[in-house]
Amino acid sequence: MTSGEADVSRRLTSGPGTLLVWLYGVMVVGAVSRSAVQISTEFDRAPLAYSLSAVAGVVYGFITYSLVRGGETARKAALVCCVAELLGVLTVGTWTLVEPSAFPDATVWSDFGMGYLFIPVLLPLSAIYWLRKGAPTKDAA
């Protein structure tokens, strides 16, 4: 690891980065455990909703891992995943408002994450800001 990568790694998990790691970790546990129970006990009731919650849990897990791992490649991968996460939250959130019958039960991203205190829509915005702020400048490259 070069000193520049060490700086990026340290920056991703320092200050607000620590809070992001913690919040993403909590979201991993919430989304994965919720979807695991729902998929194993009542999958036929709302397969789309429960599958989307599982996908959200996997995305949260990957972002958490990338933030902890650090380095420029992990930062870029986390940034791409956060953008995809935000697009997912906006798409599913809009879909649940426009056509609620498509979701007989809520997903993590339903109503823009209202069941999770809107953390699913605020978290990727915060992470995208943090990850872009931690990007090396052209002068440093």
# chains A, B, ... in the order shown; residues from 1 in each chain; ligands from 1

call {"tool": "residues_around", "arguments": {"residues": "A:Val21", "least_positions_apart": "6", "cutoff": "9 Å", "atoms": "only C-alpha atoms", "output": "PyMOL selection string"}}
result
chain A and resi 12-13+63-65+67-68

call {"tool": "atom_distance", "arguments": {"atom1": "atom CA of A:Leu48", "atom2": "atom CA of A:Lys76"}}
result
29.1 Å

call {"tool": "closest_residue", "arguments": {"among": "A:Ala102, A:Val58, A:Leu20, A:Leu123", "to": "A:Ser35", "atoms": "only C-alpha atoms"}}
result
A:Val58

call {"tool": "atom_distance", "arguments": {"atom1": "atom CA of A:Arg132", "atom2": "atom CA of A:Glu85"}}
result
15.6 Å

call {"tool": "select_by_dssp", "arguments": {"residues": "chain A", "states": "alpha helix (DSSP H)", "output": "PyMOL selection string"}}
result
chain A and resi 3-12+16-42+47-69+72-98+119-133

call {"tool": "write_last_selection", "arguments": {"atoms": "C-alpha atoms", "output": "tab-separated table (two decimals), in the first residue's frame"}}
result
chain	number	residue	atom	x	y	z
A	3	SER	CA	1.30	6.32	1.36
A	4	GLY	CA	-1.44	7.85	-0.81
A	5	GLU	CA	-3.57	4.71	-0.45
A	6	ALA	CA	-2.94	4.72	3.30
A	7	ASP	CA	-4.16	8.33	3.43
A	8	VAL	CA	-7.35	7.43	1.51
A	9	SER	CA	-7.91	4.40	3.73
A	10	ARG	CA	-7.44	6.44	6.87
A	11	ARG	CA	-9.72	9.21	5.59
A	12	LEU	CA	-12.54	6.80	4.67
A	16	PRO	CA	-17.66	11.05	9.56
A	17	GLY	CA	-16.38	7.91	7.81
A	18	THR	CA	-16.59	6.06	11.13
A	19	LEU	CA	-20.25	7.03	11.44
A	20	LEU	CA	-20.91	5.87	7.87
A	21	VAL	CA	-19.31	2.49	8.58
A	22	TRP	CA	-21.38	2.12	11.73
A	23	LEU	CA	-24.65	3.13	10.03
A	24	TYR	CA	-24.03	0.87	7.03
A	25	GLY	CA	-23.24	-1.96	9.45
A	26	VAL	CA	-26.54	-1.43	11.25
A	27	MET	CA	-28.35	-1.36	7.90
A	28	VAL	CA	-26.67	-4.64	6.88
A	29	VAL	CA	-27.94	-6.35	10.02
A	30	GLY	CA	-31.42	-4.85	9.65
A	31	ALA	CA	-31.90	-5.56	5.95
A	32	VAL	CA	-30.33	-9.01	5.89
A	33	SER	CA	-32.07	-10.28	9.03
A	34	ARG	CA	-35.42	-8.85	7.97
A	35	SER	CA	-35.21	-10.32	4.47
A	36	ALA	CA	-33.92	-13.69	5.74
A	37	VAL	CA	-36.89	-14.09	8.06
A	38	GLN	CA	-39.39	-12.89	5.47
A	39	ILE	CA	-37.95	-15.01	2.66
A	40	SER	CA	-37.84	-18.12	4.82
A	41	THR	CA	-41.31	-17.73	6.34
A	42	GLU	CA	-43.56	-15.88	3.89
A	47	PRO	CA	-41.44	-12.02	-3.24
A	48	LEU	CA	-40.41	-8.77	-4.93
A	49	ALA	CA	-40.34	-6.78	-1.70
A	50	TYR	CA	-38.42	-9.43	0.23
A	51	SER	CA	-35.94	-9.97	-2.59
A	52	LEU	CA	-35.31	-6.23	-2.85
A	53	SER	CA	-34.65	-6.08	0.89
A	54	ALA	CA	-32.10	-8.89	0.49
A	55	VAL	CA	-30.44	-7.01	-2.38
A	56	ALA	CA	-30.31	-3.88	-0.22
A	57	GLY	CA	-28.61	-5.88	2.53
A	58	VAL	CA	-25.97	-7.18	0.11
A	59	VAL	CA	-25.35	-3.67	-1.23
A	60	TYR	CA	-25.00	-2.32	2.32
A	61	GLY	CA	-22.58	-5.12	3.14
A	62	PHE	CA	-20.40	-4.40	0.12
A	63	ILE	CA	-20.29	-0.68	0.89
A	64	THR	CA	-19.42	-1.38	4.55
A	65	TYR	CA	-16.62	-3.73	3.49
A	66	SER	CA	-15.28	-1.21	0.96
A	67	LEU	CA	-15.25	1.63	3.49
A	68	VAL	CA	-13.39	-0.49	6.03
A	69	ARG	CA	-10.97	-1.90	3.45
A	72	GLU	CA	-8.52	4.04	-3.95
A	73	THR	CA	-10.04	0.99	-5.66
A	74	ALA	CA	-12.35	0.32	-2.71
A	75	ARG	CA	-13.33	4.00	-2.60
A	76	LYS	CA	-14.29	3.92	-6.29
A	77	ALA	CA	-16.20	0.64	-5.88
A	78	ALA	CA	-18.07	2.02	-2.86
A	79	LEU	CA	-18.88	5.21	-4.76
A	80	VAL	CA	-20.36	3.25	-7.68
A	81	CYS	CA	-22.34	1.11	-5.24
A	82	CYS	CA	-23.63	4.17	-3.36
A	83	VAL	CA	-24.85	5.72	-6.62
A	84	ALA	CA	-26.57	2.42	-7.51
A	85	GLU	CA	-28.04	2.30	-4.00
A	86	LEU	CA	-29.38	5.84	-4.33
A	87	LEU	CA	-30.92	5.02	-7.72
A	88	GLY	CA	-32.50	1.92	-6.17
A	89	VAL	CA	-33.94	3.87	-3.25
A	90	LEU	CA	-35.35	6.56	-5.56
A	91	THR	CA	-36.78	3.99	-7.99
A	92	VAL	CA	-38.34	1.72	-5.36
A	93	GLY	CA	-39.47	4.69	-3.27
A	94	THR	CA	-41.26	6.23	-6.25
A	95	TRP	CA	-42.64	2.85	-7.34
A	96	THR	CA	-44.13	2.18	-3.90
A	97	LEU	CA	-45.89	5.54	-3.97
A	98	VAL	CA	-47.13	5.30	-7.57
A	119	ILE	CA	-31.77	6.55	6.48
A	120	PRO	CA	-31.82	4.57	3.18
A	121	VAL	CA	-32.10	7.80	1.18
A	122	LEU	CA	-29.88	9.96	3.38
A	123	LEU	CA	-27.08	7.42	3.82
A	124	PRO	CA	-26.02	7.13	0.16
A	125	LEU	CA	-26.14	10.91	-0.24
A	126	SER	CA	-23.84	11.29	2.76
A	127	ALA	CA	-21.56	8.48	1.61
A	128	ILE	CA	-21.30	9.87	-1.94
A	129	TYR	CA	-20.29	13.23	-0.51
A	130	TRP	CA	-17.73	11.63	1.82
A	131	LEU	CA	-16.28	9.36	-0.89
A	132	ARG	CA	-15.97	12.20	-3.41
A	133	LYS	CA	-14.35	14.40	-0.77

call {"tool": "closest_residue", "arguments": {"among": "A:Gly70, A:Ala106, A:Gly15, A:Gly113", "to": "A:Ala135", "atoms": "only C-alpha atoms"}}
result
A:Gly70

call {"tool": "atom_distance", "arguments": {"atom1": "atom CA of A:Tyr116", "atom2": "atom CA of A:Phe103"}}
result
16.7 Å
